[in-house]
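Engineer: Here it is: the structure, laid out below.
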Amino acid sequence: MSLIVNHLHKKYGDKTVLEDLSFSMYDPGVYALLGTNGAGKTTAIRMMLGILAKDGGEVLWNENPLSTENCNIGYLAEERGLYPKYSLMEQLIYFASLRGVSKSDAKKKIRYYAERLDVTEYLYPVSEKKGRKPISKKADQLSKGNQQKIQFMAALLSDPELIVLDEPLSGLDPINTDIFKSIIKEQISAGKYLIMSSHQMATVEEFCTDITILSKSKTILQGNLNEIKKSYGRINLHLKTETDIKKFISESGAVLVNEKENEYDIKVSGEEQANSLLGNLISNNVTVVTFDLREPSLHEIFVEKVGNSVNE
Amino acid sequence: MNKSNEIKAITGWKKVYAFTLRGLIFNKANIISAVILFLISVFSPFLISLFSVGVADGEVSENYATIEKEDGIEKVFIKNETEFVFDASLYTSGVEVFDYEKSPEEFKTEENGVLYHLYFDEQEHVYKINTVISDVCTGNKSVAENFAVTVLSLFDEARYKMYGITAEKTEFILSPVSVNVTGSAEYFETQENNGTMSVFAVQYIFAVVVLILIIYSSTYIIRAVLEEKASKLVEMLMVSVKPLALIMGKILAVMTYIFGLLSIVAISTFLSAKISPKIMGSPVSFEAIGFDLSGIRFDLPTFILIIVSLIISYLTYSIMAGIAGASCSNMEDIESANSTVMFTVLAGYMISVITCSIPSKILAVFTSLCPIVSTFSAPVHYVLGNIGFGVLVISYALQIIIVVLLAIFCSRIYSELIIRNGSKVRLRELFKIYFRKQI
């Protein structure tokens with residue numbers, strides 16, 4: 001299976017909201033669409049899914065135009081909602097039926113995800129009055145986080161091959177974030193194709209193999225995350241010592257970014273400079289507790305790239 | 001759009017339809033409204049019966065003369081030697097009514113008494129009613145004479161009843177025939193006025209039914225169309241179902257709900273109208289509440305005509321409501337969207353009512369073919385014979401074309417504005433959006 005996005009383009013009047021977006025996924029995994037607010041991520045997703053008309057370009061799934069007829073798609077939109085006055089169970093079964101899932105299969109899936117997402121009490125409430133059939137709760141009786149869980153569940157009910165998640169973790173507390181993450185990992189293990197847009201770089205780094213960074217509707221960085229990172233080299237040095245080493249850092253030509261109780265975040269030009277600093281410390285009998293030399297984080301790459309594009 | 005794309009565009013409408021319909025039926029507010037409507041439909045024939053002119057068996061007719069104590073007559077004697085039994089005491093007040101067993105000779109001495117003697121004259125072969133006023137009676141003799149007419153009427157009712165003819169039919173059979181002599185000018189003026197009244201009655205009833213249908217369903221449609229946008233669900237649904245299928249499912253669901261509700265109301269009213277005379281004792285008469293329906297033909301072709309006209313009218317205005325709903329982004333805009341539809345409906349209604357009362361064949365054809373007005377006018381003019389079947393068919397064809405064009409416009413506008421947030425889009429902008437997309 002493969003997903004190929006070729007030269008997607010969208011304009012509103014004279015304003016270009018997405019310019020020539022292309023990327024591809026030949027293997028299951030997670031592809032991240034990153035960018036500042038208004039960069040064109042949601043527009044790109046909407047065009048890919050056919051919600052928004054394309055001004056140019058194509059989206060292919062197994063070499064055919066992507067559609068719900070040839071691909072089972074699950075979508076968690078950035079703008080989320082549920083029918084406020086229908087019971088949760090009723091609307092989940094409806095959403096599943098629109099994706100061609102039978103009522104009995106939908107019920108099994110709902111039961112499974114209700115337990116995984118810890119929303120059983122809302123979908124299978126216990127009757128407060130004796131002899132009265134309990135009715136599953138309505139959306140307006142749920143917190144925002146729990147509504148988000150139900151929406152996530154709706155996106156997964158048809159066991160989709162391609163899952164598109166637009167800001168899936170925004171607004172969630174740490175506990176629910178972990179629940180969502182565990183389900184995303186489960187989908188990755190099951191060999192699904194995921195496209196995710198997010199502002200949470202740490203989360204993207206955790207899952208994604210390939211990324212596209214958009215800024216002002218243009219692609220400013222694209223490729224395999226590890227390779228991008230490698231191209232920057234190991235330039236982040238974290239040092240922990242027992243004495244003050246600011247003098248040695250200054251002498252090495254490295255840049256001290258942050259310091260707190262003999263713990264230092266240092267920006268080095270590369271492995272050579274870091275090793276030279278370490279050798280200098282050892283030769284001066286400075287006890288080194290931690291020496292951690294890393295590639296830049298996605299957050300740093302994002303800030304650098306987007307910052308540069310904004311300044312251009 | 002080729003055929004395959006058209007099928008894809010409406011795939012899933014049945015699921016949207018079923019879900020929306022279920023939502024409408026089980027909505028608490030709708031259940032309450034339906035129950036209220038049902039109760040009104042059940043009890044209204046009973047209320048109409050109360051105001052009805054018709055007189056049932058055993059009921060007192062206001063048209064009959066009565067004898068009261070103040071008239072100075074204290075006793076009414078009925079000597080009924082016929083086989084037809086009736087009760088005259090219903091038309092007396094403070095006066096005693098007796099069956100008279102004695103001979104008429106003895107009656108002479110009864111003070112303030114009146115005797116009504118009914119018998120069959122074998123020689124003349126006629127029934128006779130003799131009114132005998134006691135020689136010593138000081139009461140109002142003309143009242144006694146008038147009461148003889150009441151006795152005659154009661155006698156007639158009794159003998160018709162014996163042969164299975166109801167009080168209502170008796171009244172019909174016995175209704176007087178008026179003979180007038182007029183000049184030709186006066187005669188034709190009268191005929192024209194009667195025709196105008198009949199047109200107005202038919203127009204009024206049909207238009208009011210259409211109005212009720214549209215007013216009742218317009219808000220439902222706008223709300224249903226806006227539901228997904230307002231609850232921010234639409235993006236997720238768009239992956240599974242196309243805008244045309246979504247809006248089509250919703251409009252048809254509201255249509256089923258409203259027509260179902262109207263059918264229940266019509267059937268319960270009909271059954272109640274059949275049952276109420278047996279309970280109330282008087283028939284349901286629309287004349288009593290100001291409707292003269294005697295001139296309206298109601299047969300199967302007329303019934304089919306009405307249903308087809310109602311469906312086309314409903315589709316026309318419901319798609320307009322769909323467009324109005326598509327132009328909104330939040331529930332606060334419902335009222336202004338609804339008022340736009342209402343204004344259009346009322347304009348069509350007013351034009352059709354006014355033009356229908358003008359006796360002009362050309363105007364009848366014009367209003368039967370003119371969009372919007374034709375939904376109200378065409379079936380009425382056909383029923384009244386103002387237009388032929390050919391004009392009616394052309395009118396229907398034009399109305400269907402309007403429905404299709406509105407549906408295309410609605411689906412394009414809906415899909416273009418479905419993920420738009422903001423204030424209500426004006427009509428001029430809607431056209432701009434439509435034609436921009438076309439380019």
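As shown in the structure tokens, the chain order sets the letters A, B, ...; within each chain, residues go from 1, and ligands are also counted from 1 in the order they appear.
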Applying 8 Å and only C-alpha atoms, which residues near A:Lys216 remain after dropping the ones on its own chain fewer than 3 positions away? List them as a list of chain:residue names.

Structural biologist: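 Final neighbour list, sorted by chain and number: A:Val17, A:Gly38, A:Ala39, A:Gly40, A:Val310.
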
Engineer: Taking only C-alpha atoms into account, which residues of chain A are within 6 Å of chain B, as a PyMOL selection string?

Structural biologist: chain A and resi 79-82+98-99

Engineer: Would you mind exporting N, CA and C atoms of the selected residues as a compact mmCIF listing (two decimals), in the first residue's frame?

Structural biologist:
# COMPACT_ATOMS: atom_id res chain seq x y z
N GLU A 79 -11.52 20.48 14.24
CA GLU A 79 -12.78 21.02 14.77
C GLU A 79 -13.63 19.83 15.15
N ARG A 80 -13.77 19.60 16.43
CA ARG A 80 -14.44 18.37 16.85
C ARG A 80 -15.80 18.65 17.47
N GLY A 81 -16.67 17.70 17.33
CA GLY A 81 -17.98 17.85 17.96
C GLY A 81 -18.76 16.55 17.91
N LEU A 82 -19.86 16.56 18.62
CA LEU A 82 -20.78 15.42 18.61
C LEU A 82 -22.20 16.00 18.60
N LEU A 98 -22.23 4.66 8.67
CA LEU A 98 -21.84 5.47 7.50
C LEU A 98 -20.54 4.96 6.88
N ARG A 99 -19.74 4.28 7.68
CA ARG A 99 -18.49 3.71 7.17
C ARG A 99 -18.69 2.25 6.76

Engineer: Tell me which protein, DNA and RNA residues are within 7 Å of B:His117, counting only C-alpha atoms, leaving out same-chain ones fewer than 3 positions away, and put them as a PyMOL selection string.

Structural biologist: chain B and resi 78-80+129-131

Engineer: With DSSP run on the backbone, what are the strand (DSSP E or B) residues within stretch 136-198 of chain A? I'd like them as a ChimeraX atom specification.

Structural biologist: /A:138,162-166,193-197

Engineer: Create the file for the chosen residues now, containing C-alpha atoms and written as a PDB file, in the first residue's frame.

Structural biologist:
ATOM      1  CA  LYS A 138     -25.523  12.425  25.699  1.00  0.00           C
ATOM      2  CA  LEU A 162      -5.511   5.231   6.775  1.00  0.00           C
ATOM      3  CA  ILE A 163      -5.953   7.270   9.950  1.00  0.00           C
ATOM      4  CA  VAL A 164      -5.772  11.043   9.801  1.00  0.00           C
ATOM      5  CA  LEU A 165      -5.429  12.765  13.152  1.00  0.00           C
ATOM      6  CA  ASP A 166      -5.541  16.555  13.192  1.00  0.00           C
ATOM      7  CA  TYR A 193      -0.907   4.404   7.848  1.00  0.00           C
ATOM      8  CA  LEU A 194      -1.235   7.476  10.056  1.00  0.00           C
ATOM      9  CA  ILE A 195      -1.033  11.131   9.186  1.00  0.00           C
ATOM     10  CA  MET A 196      -0.816  13.382  12.169  1.00  0.00           C
ATOM     11  CA  SER A 197      -0.710  17.102  12.586  1.00  0.00           C
TER      12      SER A 197
END

Engineer: If we count only C-alpha atoms and set the cut-off at 6 Å, which residues sit around A:Gly270, ignoring sequence neighbours fewer than 3 positions away in its own chain? Please answer as a list of chain:residue names.

Structural biologist: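 In the requested form, the answer reads A:Arg234, A:Ile235, A:Gln273.
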
Engineer: From stretch 10-257 of chain A, collect each residue whose DSSP state is helix (DSSP H, G or I) and return the set as a ChimeraX atom specification.

Structural biologist: /A:41-48,88-98,103-116,120-123,139-141,144-156,174-189,201-207,225-232,246-252

Engineer: Show me, as number ranges by chain, the residues that have an atom within 12 Å of A:Leu156 when counting only C-alpha atoms, minus same-chain residues fewer than 6 positions from it.

Structural biologist: A: 72-76, 92, 95-96, 99, 101, 106, 109-110, 112-114, 117, 149-150, 162-165, 180, 183-184, 186-187, 192, 194; B: 236

Engineer: To one decimal place in Å, what is the distance between atom CA of A:Cys71 and atom CA of A:Pro28?

Structural biologist: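 For atom CA of A:Cys71 relative to atom CA of A:Pro28, the distance reads 14.1 Å.
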
Engineer: Quote the spacing between atom CA of B:Gly249 and atom CA of B:Val225 in Å to one decimal place.

Structural biologist: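 Rounded to one decimal, the two atoms are 10.0 Å apart.
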
Engineer: By how many Å are atom CA of A:Glu58 and atom CA of A:Ser24 apart?

Structural biologist: 11.7 Å

Engineer: Identify which of the residues A:Leu3, A:Ile245, A:Ile301, A:Ile266 lies closest to A:Asn285, counting only C-alpha atoms when measuring atom-to-atom distances.

Structural biologist: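 Closest candidate: A:Ile245.
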